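Trainee: Below you'll find run31.txt; it's compact mmCIF, C-alpha atoms.
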```
# COMPACT_ATOMS: atom_id res chain seq x y z
CA MET A 30 184.91 180.52 176.36
CA ASN A 31 182.95 183.10 174.44
CA ASP A 32 185.90 183.95 172.18
CA LYS A 33 186.64 180.33 171.31
CA PHE A 34 183.23 178.68 171.52
CA GLY A 35 180.62 181.46 171.60
CA VAL A 36 179.05 180.66 168.23
CA ASP A 37 178.65 176.99 169.17
CA ILE A 38 177.16 177.88 172.54
CA ASP A 39 174.66 180.22 170.88
CA ALA A 40 173.52 177.40 168.61
CA ALA A 41 173.30 174.89 171.47
CA VAL A 42 171.09 177.08 173.69
CA ALA A 43 169.01 178.67 170.90
CA ALA A 44 165.97 176.41 171.30
CA THR A 45 166.20 176.18 175.09
CA PRO A 46 165.56 178.49 178.08
CA ILE A 47 169.20 177.99 179.07
CA SER A 48 171.25 181.15 178.66
CA LYS A 49 174.71 181.51 177.23
CA LYS A 50 175.80 183.30 180.40
CA LEU A 51 174.70 180.34 182.52
CA LEU A 52 176.59 177.84 180.39
CA ILE A 53 179.75 179.92 180.48
CA ALA A 54 179.40 180.40 184.24
CA MET A 55 179.16 176.64 184.65
CA GLY A 56 182.19 175.99 182.49
CA ILE A 57 184.11 178.36 184.73
CA GLN A 58 182.70 176.73 187.84
CA GLU A 59 183.54 173.21 186.77
CA THR A 60 187.01 173.47 185.28
CA PHE A 61 188.42 177.01 185.18
CA TYR A 62 190.78 176.13 188.03
CA ILE A 63 192.38 173.72 185.55
CA TRP A 64 192.62 175.88 182.45
CA ALA A 65 193.01 179.33 184.03
CA LYS A 66 196.79 179.31 183.68
CA MET A 67 196.96 177.83 180.19
CA TYR A 68 194.12 179.08 178.01
CA LYS A 69 195.94 182.20 176.80
CA ASN A 70 198.81 180.23 175.32
CA ALA A 71 197.39 176.75 174.73
CA THR A 72 195.17 175.54 171.92
CA ALA A 73 191.52 174.67 172.58
CA LYS A 74 192.42 171.01 172.05
CA GLN A 75 195.15 171.15 174.69
CA VAL A 76 192.79 172.81 177.16
CA LEU A 77 189.98 170.30 176.62
CA GLU A 78 192.29 167.30 177.02
CA LEU A 79 193.09 168.42 180.55
CA CYS A 80 189.50 169.06 181.62
CA VAL A 81 189.33 166.11 184.01
CA GLY A 82 188.99 165.92 187.76
CA ASP A 83 187.03 164.76 190.82
CA THR A 84 188.87 161.90 192.48
CA ILE A 85 186.51 161.59 195.46
CA ASP A 86 185.52 158.01 196.21
CA PHE A 87 183.75 156.06 198.98
CA PRO A 88 182.67 157.00 201.62
CA ARG A 89 182.22 160.55 200.30
CA ARG A 90 181.03 159.31 196.90
CA ALA A 91 177.65 157.56 196.94
CA THR A 92 177.18 156.87 193.21
CA TRP A 93 178.75 154.15 191.06
CA PRO A 94 181.66 153.58 190.83
CA LYS A 95 182.57 154.19 194.44
CA SER A 96 185.95 152.49 194.10
CA ARG A 97 188.45 151.03 191.65
CA ALA A 98 187.19 147.54 192.45
CA GLU A 99 183.61 148.52 191.65
CA LEU A 100 184.67 150.06 188.34
CA GLU A 101 186.80 147.08 187.33
CA ALA A 102 183.92 144.70 188.07
CA HIS A 103 182.17 146.14 185.00
CA PRO A 104 182.76 144.10 181.77
CA LYS A 105 184.80 146.98 180.32
CA GLY A 106 185.97 148.21 183.69
CA ALA A 107 189.64 147.30 183.37
CA ALA A 108 189.98 149.31 180.15
CA MET A 109 188.00 152.13 181.71
CA PHE A 110 190.20 152.23 184.78
CA LYS A 111 193.30 152.42 182.59
CA ALA A 112 191.81 155.35 180.69
CA VAL A 113 190.69 157.31 183.73
CA ARG A 114 193.90 156.59 185.63
CA THR A 115 195.85 157.94 182.65
CA ALA A 116 193.69 161.05 182.77
CA LEU A 117 194.69 161.54 186.41
CA GLU A 118 198.37 161.14 185.54
CA LYS A 119 198.11 163.82 182.86
CA ILE A 120 196.32 166.36 185.02
CA ALA A 121 198.71 165.71 187.93
CA ALA A 122 201.64 166.56 185.63
CA VAL A 123 200.36 170.13 185.21
CA ASN A 124 198.22 170.69 188.32
CA SER A 125 200.02 170.20 191.63
CA GLY A 126 196.74 169.68 193.46
CA TYR A 127 196.50 166.17 192.02
CA LYS A 128 200.07 165.01 192.70
CA THR A 129 199.32 163.71 196.19
CA VAL A 130 196.19 161.91 194.99
CA LEU A 131 198.18 160.24 192.22
CA LYS A 132 200.35 158.46 194.81
CA ASN A 133 197.35 156.26 195.63
CA PRO A 134 197.27 153.60 192.85
CA ASN A 135 193.53 153.12 193.26
CA LYS A 136 192.57 156.73 192.54
CA PHE A 137 191.16 157.87 189.21
CA CYS A 138 189.20 160.77 187.72
CA HIS A 139 185.39 160.80 187.77
CA GLY A 140 184.58 164.00 185.85
CA PHE A 141 185.32 164.52 182.15
CA GLY A 142 185.00 167.46 179.79
CA MET A 143 184.71 171.16 180.48
CA PHE A 144 181.33 170.54 182.15
CA GLN A 145 182.56 167.47 184.08
CA TYR A 146 180.25 164.73 182.81
CA ASP A 147 180.39 162.05 185.49
CA ILE A 148 181.82 158.57 185.01
CA GLN A 149 178.62 157.05 186.43
CA PHE A 150 177.17 157.43 182.91
CA PHE A 151 179.83 155.08 181.51
CA ARG A 152 177.81 152.16 182.82
CA SER A 153 174.39 153.01 181.43
CA VAL A 154 174.39 155.91 178.95
CA ASP A 155 177.48 156.45 176.83
CA PRO A 156 180.56 154.27 177.46
CA ASP A 157 182.37 155.54 174.35
CA TYR A 158 182.31 159.12 175.61
CA PHE A 159 184.79 157.96 178.25
CA LEU A 160 186.59 155.02 176.64
CA ILE A 161 187.28 156.64 173.28
CA GLY A 162 187.92 160.03 174.81
CA ASP A 163 185.05 161.96 173.22
CA TRP A 164 185.20 164.33 176.21
CA LYS A 165 188.34 165.82 174.66
CA THR A 166 186.28 167.29 171.82
CA TRP A 167 184.31 170.51 172.22
CA ASN A 168 181.16 169.41 170.38
CA ARG A 169 180.75 166.29 172.50
CA THR A 170 181.50 167.95 175.82
CA LEU A 171 179.09 170.79 174.97
CA SER A 172 176.43 168.28 173.96
CA LYS A 173 176.78 166.42 177.26
CA GLY A 174 176.57 169.65 179.25
CA ILE A 175 173.37 170.71 177.50
CA THR A 176 171.79 167.26 177.77
CA GLU A 177 172.46 167.01 181.49
CA LEU A 178 171.16 170.54 182.08
CA LYS A 179 167.93 169.68 180.26
CA ASP A 180 167.52 166.53 182.36
CA GLN A 181 168.06 168.45 185.59
CA MET A 182 165.73 171.22 184.43
CA ALA A 183 162.94 168.68 183.90
CA GLY A 184 163.62 167.22 187.34
CA LEU A 185 163.64 170.61 188.99
CA TYR A 186 160.81 172.41 187.18
CA GLY A 187 158.92 169.73 185.27
CA ALA A 188 158.58 169.21 181.53
CA GLY A 189 157.91 172.10 179.19
CA LYS A 190 159.76 174.85 181.04
CA ALA A 191 159.84 177.70 178.51
CA SER A 192 161.93 180.33 180.29
CA LEU A 193 164.19 180.78 183.30
CA THR A 194 164.62 183.77 185.59
CA HIS A 195 168.07 184.53 186.92
CA ASP A 196 167.33 182.76 190.21
CA GLU A 197 165.85 179.75 188.43
CA SER A 198 169.00 179.53 186.31
CA VAL A 199 171.16 179.52 189.44
CA TYR A 200 169.07 176.73 190.96
CA LEU A 201 169.43 174.79 187.70
CA ALA A 202 173.21 175.07 187.94
CA ILE A 203 173.05 173.83 191.54
CA ALA A 204 170.93 170.90 190.38
CA TYR A 205 173.56 170.11 187.77
CA ASN A 206 176.10 169.97 190.57
CA GLN A 207 174.16 168.00 193.18
CA GLY A 208 170.92 166.74 191.60
CA ALA A 209 167.45 168.20 191.12
CA LYS A 210 165.75 166.41 194.00
CA ARG A 211 168.24 167.56 196.60
CA THR A 212 168.21 171.11 195.23
CA LYS A 213 164.43 171.31 195.20
CA ASN A 214 164.25 170.13 198.79
CA HIS A 215 166.54 172.93 200.00
CA ILE A 216 165.59 175.97 197.93
CA ALA A 217 163.42 177.43 200.71
CA THR A 218 166.03 177.06 203.44
CA LYS A 219 169.45 177.18 201.76
CA LYS A 220 168.70 179.24 198.65
CA PHE A 221 172.03 179.70 196.81
CA LYS A 222 174.08 178.16 199.62
CA GLN A 223 173.96 174.79 197.93
CA GLY A 224 176.23 172.59 195.88
CA HIS A 225 179.97 172.18 196.25
CA LYS A 226 181.56 174.47 198.83
CA ASP A 227 185.05 175.65 198.00
CA GLY A 228 187.98 176.18 200.34
CA ASN A 229 186.83 179.70 201.09
CA GLY A 230 183.38 178.55 202.17
CA VAL A 231 181.61 179.82 199.05
CA PHE A 232 178.96 177.54 197.56
CA TYR A 233 178.48 176.52 193.93
CA GLY A 234 175.20 178.42 193.84
CA GLU A 235 176.77 181.59 195.16
CA HIS A 236 179.53 181.49 192.56
CA THR A 237 176.99 180.91 189.79
CA ASP A 238 174.86 183.80 191.02
CA ALA A 239 177.85 186.12 190.83
CA THR A 240 179.05 185.03 187.38
CA SER A 241 175.82 184.42 185.47
```
Starting from the coordinates I provided, produce the structure as structure tokens.

Mentor:
Amino acid sequence: MNDKFGVDIDAAVAATPISKKLLIAMGIQETFYIWAKMYKNATAKQVLELCVGDTIDFPRRATWPKSRAELEAHPKGAAMFKAVRTALEKIAAVNSGYKTVLKNPNKFCHGFGMFQYDIQFFRSVDPDYFLIGDWKTWNRTLSKGITELKDQMAGLYGAGKASLTHDESVYLAIAYNQGAKRTKNHIATKKFKQGHKDGNGVFYGEHTDATS
């Protein structure tokens, strides 16, 4: 990430307390499992086009859209489902982990871009990011990552936060993954054992702590 996008990341975080190391750690957290085997030989464009994922739906998913039916009930939902189903087909063609999921015709991707901007924002914030495929471009996916981090930082620490310690940065990454309110409520008891837990039992916060 630093070799390909380091200059852009420097510019994006320059006027913020967010560090370059944190942003790179989050890019690795969110999508490295996708691009780990291809980034050395593929172009940046090819890598970014495959940065999609998260097919979890109801009952494990609580936010809109919880199902294909809920997505297609939106005025532009049919077109959106076609786009996000196509994204699933493309990632399943190169990542065996998605092949079983693809067999279910109602499944689709929810996360888009290297920082996995969630499809819930299609309804209220930026439909074109998903419909037009802006998530395939580095500038737009970087912009979304920074914007969401700033929003979570305000929710976690309040407005006007001027600097972040290492631990505060880790908690910010956890908030990006699961929300500021939930993170704040569990800092005292769970510390870095928060956020998504991988197949080895390691939490999002623990991974971020080790890589940032």

Trainee: Once you count all atoms listed in the file, what closest atom pair and distance in Å to one decimal does each residue of stretch 89-187 of chain A within 10 Å of stretch 55-68 of chain A have, with rows by chain and rising residue number, as CSV?

Mentor:
```
residue,atom,partner,partner_atom,distance
A:Ile120,CA,A:Ile63,CA,8.4
A:Val123,CA,A:Ile63,CA,8.8
A:Asn124,CA,A:Ile63,CA,7.1
A:Gly126,CA,A:Ile63,CA,9.9
A:Gly140,CA,A:Glu59,CA,9.3
A:Phe141,CA,A:Thr60,CA,9.6
A:Gly142,CA,A:Thr60,CA,8.4
A:Met143,CA,A:Thr60,CA,5.8
A:Phe144,CA,A:Gly56,CA,5.5
A:Gln145,CA,A:Glu59,CA,6.4
A:Tyr146,CA,A:Glu59,CA,9.9
A:Leu171,CA,A:Gly56,CA,9.7
A:Gly174,CA,A:Gly56,CA,9.1
```

Trainee: How far is it from atom CA of A:Arg114 to atom CA of A:Cys138, in Å with one decimal?

Mentor: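 Rounded to one decimal, the two atoms are 6.6 Å apart.
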
Trainee: Output, as AutoDock Vina command-line options, the centre and edge lengths in Å (one decimal) of the axis-aligned box that contains all listed atoms of stretch 217-234 of chain A with 8 Å of margin on each side.

Mentor:
```
--center_x 175.7 --center_y 176.0 --center_z 198.6 --size_x 40.6 --size_y 23.6 --size_z 25.6
```

Trainee: Have a look at atom CA of A:Leu79 and atom CA of A:Val36 and let me know their distance in Å, one decimal.

Mentor: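 Between these atoms lies a distance of 22.3 Å.
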
Trainee: Go through A:Gly187, A:Gly35, A:Gly82, A:Pro104 and flag the residue nearest A:Ala116, using all atoms listed in the file for the distances.

Mentor: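 Nearest candidate to A:Ala116 out of A:Gly187, A:Gly35, A:Gly82, A:Pro104: A:Gly82.
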
Trainee: Within 10 Å of (170.0, 180.0, 183.8), all atoms listed in the file: residues as a list in words?

Mentor: Pro46, Ile47, Ser48, Lys49, Lys50, Leu51, Leu52, Ala54, Met55, Leu178, Met182, Ser192, Leu193, Thr194, His195, Asp196, Glu197, Ser198, Val199, Tyr200, Leu201, Ala202, Thr237, Asp238 and Ser241 of chain A

Trainee: Could you tell me how far atom CA of A:Gly189 lies from atom CA of A:Asp155, in Å and to one decimal?

Mentor: 25.2 Å

Trainee: Of the residues A:Asn229, A:Lys119, A:Thr92, A:Arg97, which is the one nearest to A:Gly208, using all atoms listed in the file?

Mentor: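 Between A:Asn229, A:Lys119, A:Thr92, A:Arg97, the residue approaching A:Gly208 most closely is A:Thr92.
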
Trainee: Kindly indicate which residue among A:Glu118, A:Asp32, A:Glu235, A:Asp180 lies nearest to A:Pro134, using all atoms listed in the file for the distances.

Mentor: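 Counting all atoms listed in the file, the residue closest to A:Pro134 is A:Glu118.
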
Trainee: Emit stretch 55-179 of chain A of the structure in the block as a file comprising C-alpha atoms, as an mmCIF file, in the first residue's frame.

Mentor:
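What follows is the written file out14.cif:
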```
data_model
loop_
_atom_site.group_PDB
_atom_site.id
_atom_site.type_symbol
_atom_site.label_atom_id
_atom_site.label_comp_id
_atom_site.auth_asym_id
_atom_site.auth_seq_id
_atom_site.Cartn_x
_atom_site.Cartn_y
_atom_site.Cartn_z
ATOM 1 C CA MET A 55 -6.859 -1.034 8.301
ATOM 2 C CA GLY A 56 -6.469 -1.650 4.592
ATOM 3 C CA ILE A 57 -4.672 -4.865 5.466
ATOM 4 C CA GLN A 58 -7.323 -5.771 8.018
ATOM 5 C CA GLU A 59 -10.223 -5.187 5.676
ATOM 6 C CA THR A 60 -9.120 -6.691 2.384
ATOM 7 C CA PHE A 61 -5.577 -8.095 2.410
ATOM 8 C CA TYR A 62 -6.996 -11.624 2.423
ATOM 9 C CA ILE A 63 -8.342 -10.764 -1.043
ATOM 10 C CA TRP A 64 -5.329 -9.099 -2.623
ATOM 11 C CA ALA A 65 -2.500 -10.909 -0.813
ATOM 12 C CA LYS A 66 -1.970 -13.378 -3.642
ATOM 13 C CA MET A 67 -2.288 -10.926 -6.520
ATOM 14 C CA TYR A 68 -0.785 -7.549 -5.647
ATOM 15 C CA LYS A 69 2.746 -8.437 -6.764
ATOM 16 C CA ASN A 70 1.671 -9.236 -10.308
ATOM 17 C CA ALA A 71 -1.610 -7.360 -10.766
ATOM 18 C CA THR A 72 -2.161 -3.682 -11.463
ATOM 19 C CA ALA A 73 -3.614 -1.406 -8.784
ATOM 20 C CA LYS A 74 -6.809 -1.211 -10.843
ATOM 21 C CA GLN A 75 -7.158 -4.996 -10.915
ATOM 22 C CA VAL A 76 -6.611 -5.203 -7.163
ATOM 23 C CA LEU A 77 -9.158 -2.500 -6.346
ATOM 24 C CA GLU A 78 -11.842 -4.037 -8.561
ATOM 25 C CA LEU A 79 -11.755 -7.171 -6.425
ATOM 26 C CA CYS A 80 -11.901 -5.409 -3.060
ATOM 27 C CA VAL A 81 -15.433 -6.539 -2.236
ATOM 28 C CA GLY A 82 -16.787 -8.835 0.434
ATOM 29 C CA ASP A 83 -19.031 -9.365 3.463
ATOM 30 C CA THR A 84 -22.027 -11.460 2.452
ATOM 31 C CA ILE A 85 -23.495 -11.754 5.959
ATOM 32 C CA ASP A 86 -27.227 -11.099 6.064
ATOM 33 C CA PHE A 87 -30.115 -11.466 8.541
ATOM 34 C CA PRO A 88 -30.154 -12.619 11.312
ATOM 35 C CA ARG A 89 -26.450 -11.844 11.802
ATOM 36 C CA ARG A 90 -26.739 -8.506 9.992
ATOM 37 C CA ALA A 91 -28.799 -5.884 11.814
ATOM 38 C CA THR A 92 -28.379 -2.902 9.454
ATOM 39 C CA TRP A 93 -30.116 -2.208 6.143
ATOM 40 C CA PRO A 94 -30.245 -4.076 3.820
ATOM 41 C CA LYS A 95 -30.648 -7.269 5.781
ATOM 42 C CA SER A 96 -31.762 -9.252 2.725
ATOM 43 C CA ARG A 97 -32.109 -9.181 -1.051
ATOM 44 C CA ALA A 98 -35.799 -8.369 -0.687
ATOM 45 C CA GLU A 99 -35.055 -5.376 1.525
ATOM 46 C CA LEU A 100 -32.470 -4.082 -0.942
ATOM 47 C CA GLU A 101 -34.733 -4.526 -3.962
ATOM 48 C CA ALA A 102 -37.549 -2.659 -2.200
ATOM 49 C CA HIS A 103 -35.463 0.512 -2.613
ATOM 50 C CA PRO A 104 -36.348 2.557 -5.770
ATOM 51 C CA LYS A 105 -32.940 1.716 -7.273
ATOM 52 C CA GLY A 106 -32.661 -1.588 -5.476
ATOM 53 C CA ALA A 107 -32.992 -3.893 -8.469
ATOM 54 C CA ALA A 108 -30.081 -2.192 -10.243
ATOM 55 C CA MET A 109 -28.111 -2.200 -7.017
ATOM 56 C CA PHE A 110 -28.685 -5.900 -6.453
ATOM 57 C CA LYS A 111 -27.485 -6.648 -9.980
ATOM 58 C CA ALA A 112 -24.305 -4.655 -9.347
ATOM 59 C CA VAL A 113 -23.512 -6.188 -5.972
ATOM 60 C CA ARG A 114 -24.384 -9.700 -7.130
ATOM 61 C CA THR A 115 -21.981 -9.237 -10.050
ATOM 62 C CA ALA A 116 -19.324 -8.169 -7.557
ATOM 63 C CA LEU A 117 -19.851 -11.437 -5.676
ATOM 64 C CA GLU A 118 -19.534 -13.435 -8.899
ATOM 65 C CA LYS A 119 -16.216 -11.757 -9.704
ATOM 66 C CA ILE A 120 -14.675 -12.279 -6.290
ATOM 67 C CA ALA A 121 -15.890 -15.903 -6.191
ATOM 68 C CA ALA A 122 -14.050 -16.541 -9.469
ATOM 69 C CA VAL A 123 -10.694 -15.804 -7.810
ATOM 70 C CA ASN A 124 -11.349 -16.462 -4.111
ATOM 71 C CA SER A 125 -12.609 -19.955 -3.290
ATOM 72 C CA GLY A 126 -14.044 -18.785 0.021
ATOM 73 C CA TYR A 127 -16.947 -17.172 -1.821
ATOM 74 C CA LYS A 128 -17.832 -20.054 -4.156
ATOM 75 C CA THR A 129 -20.210 -21.728 -1.713
ATOM 76 C CA VAL A 130 -21.911 -18.433 -0.900
ATOM 77 C CA LEU A 131 -22.426 -17.749 -4.604
ATOM 78 C CA LYS A 132 -24.634 -20.842 -4.899
ATOM 79 C CA ASN A 133 -27.314 -18.970 -2.955
ATOM 80 C CA PRO A 134 -29.004 -16.666 -5.535
ATOM 81 C CA ASN A 135 -30.021 -14.196 -2.843
ATOM 82 C CA LYS A 136 -26.501 -13.490 -1.586
ATOM 83 C CA PHE A 137 -24.579 -10.340 -2.489
ATOM 84 C CA CYS A 138 -21.623 -8.293 -1.273
ATOM 85 C CA HIS A 139 -22.055 -5.594 1.376
ATOM 86 C CA GLY A 140 -18.535 -4.113 1.611
ATOM 87 C CA PHE A 141 -16.841 -2.183 -1.196
ATOM 88 C CA GLY A 142 -13.388 -0.722 -1.672
ATOM 89 C CA MET A 143 -10.133 -1.458 0.090
ATOM 90 C CA PHE A 144 -11.622 -0.094 3.335
ATOM 91 C CA GLN A 145 -14.957 -1.902 2.852
ATOM 92 C CA TYR A 146 -17.440 0.982 2.783
ATOM 93 C CA ASP A 147 -20.769 -0.607 3.664
ATOM 94 C CA ILE A 148 -23.751 -0.854 1.335
ATOM 95 C CA GLN A 149 -25.993 0.673 4.022
ATOM 96 C CA PHE A 150 -24.737 4.068 2.786
ATOM 97 C CA PHE A 151 -26.222 3.417 -0.665
ATOM 98 C CA ARG A 152 -29.621 4.356 0.722
ATOM 99 C CA SER A 153 -28.791 7.651 2.394
ATOM 100 C CA VAL A 154 -25.302 8.963 1.612
ATOM 101 C CA ASP A 155 -23.790 8.137 -1.755
ATOM 102 C CA PRO A 156 -25.673 5.772 -4.098
ATOM 103 C CA ASP A 157 -23.324 6.428 -7.029
ATOM 104 C CA TYR A 158 -20.330 5.151 -5.085
ATOM 105 C CA PHE A 159 -21.930 1.718 -5.374
ATOM 106 C CA LEU A 160 -24.013 1.901 -8.556
ATOM 107 C CA ILE A 161 -21.386 3.494 -10.780
ATOM 108 C CA GLY A 162 -18.558 1.553 -9.189
ATOM 109 C CA ASP A 163 -16.592 4.446 -7.703
ATOM 110 C CA TRP A 164 -15.243 1.991 -5.113
ATOM 111 C CA LYS A 165 -12.992 0.603 -7.855
ATOM 112 C CA THR A 166 -10.981 3.838 -7.890
ATOM 113 C CA TRP A 167 -8.293 4.560 -5.314
ATOM 114 C CA ASN A 168 -9.143 8.220 -4.710
ATOM 115 C CA ARG A 169 -12.788 7.469 -3.940
ATOM 116 C CA THR A 170 -12.133 4.441 -1.760
ATOM 117 C CA LEU A 171 -9.470 6.394 0.176
ATOM 118 C CA SER A 172 -11.853 9.318 0.584
ATOM 119 C CA LYS A 173 -14.565 7.055 1.981
ATOM 120 C CA GLY A 174 -12.145 5.423 4.408
ATOM 121 C CA ILE A 175 -10.985 8.780 5.760
ATOM 122 C CA THR A 176 -14.522 10.174 5.989
ATOM 123 C CA GLU A 177 -15.802 7.184 7.927
ATOM 124 C CA LEU A 178 -12.795 7.264 10.258
ATOM 125 C CA LYS A 179 -13.436 10.936 11.009
#
```
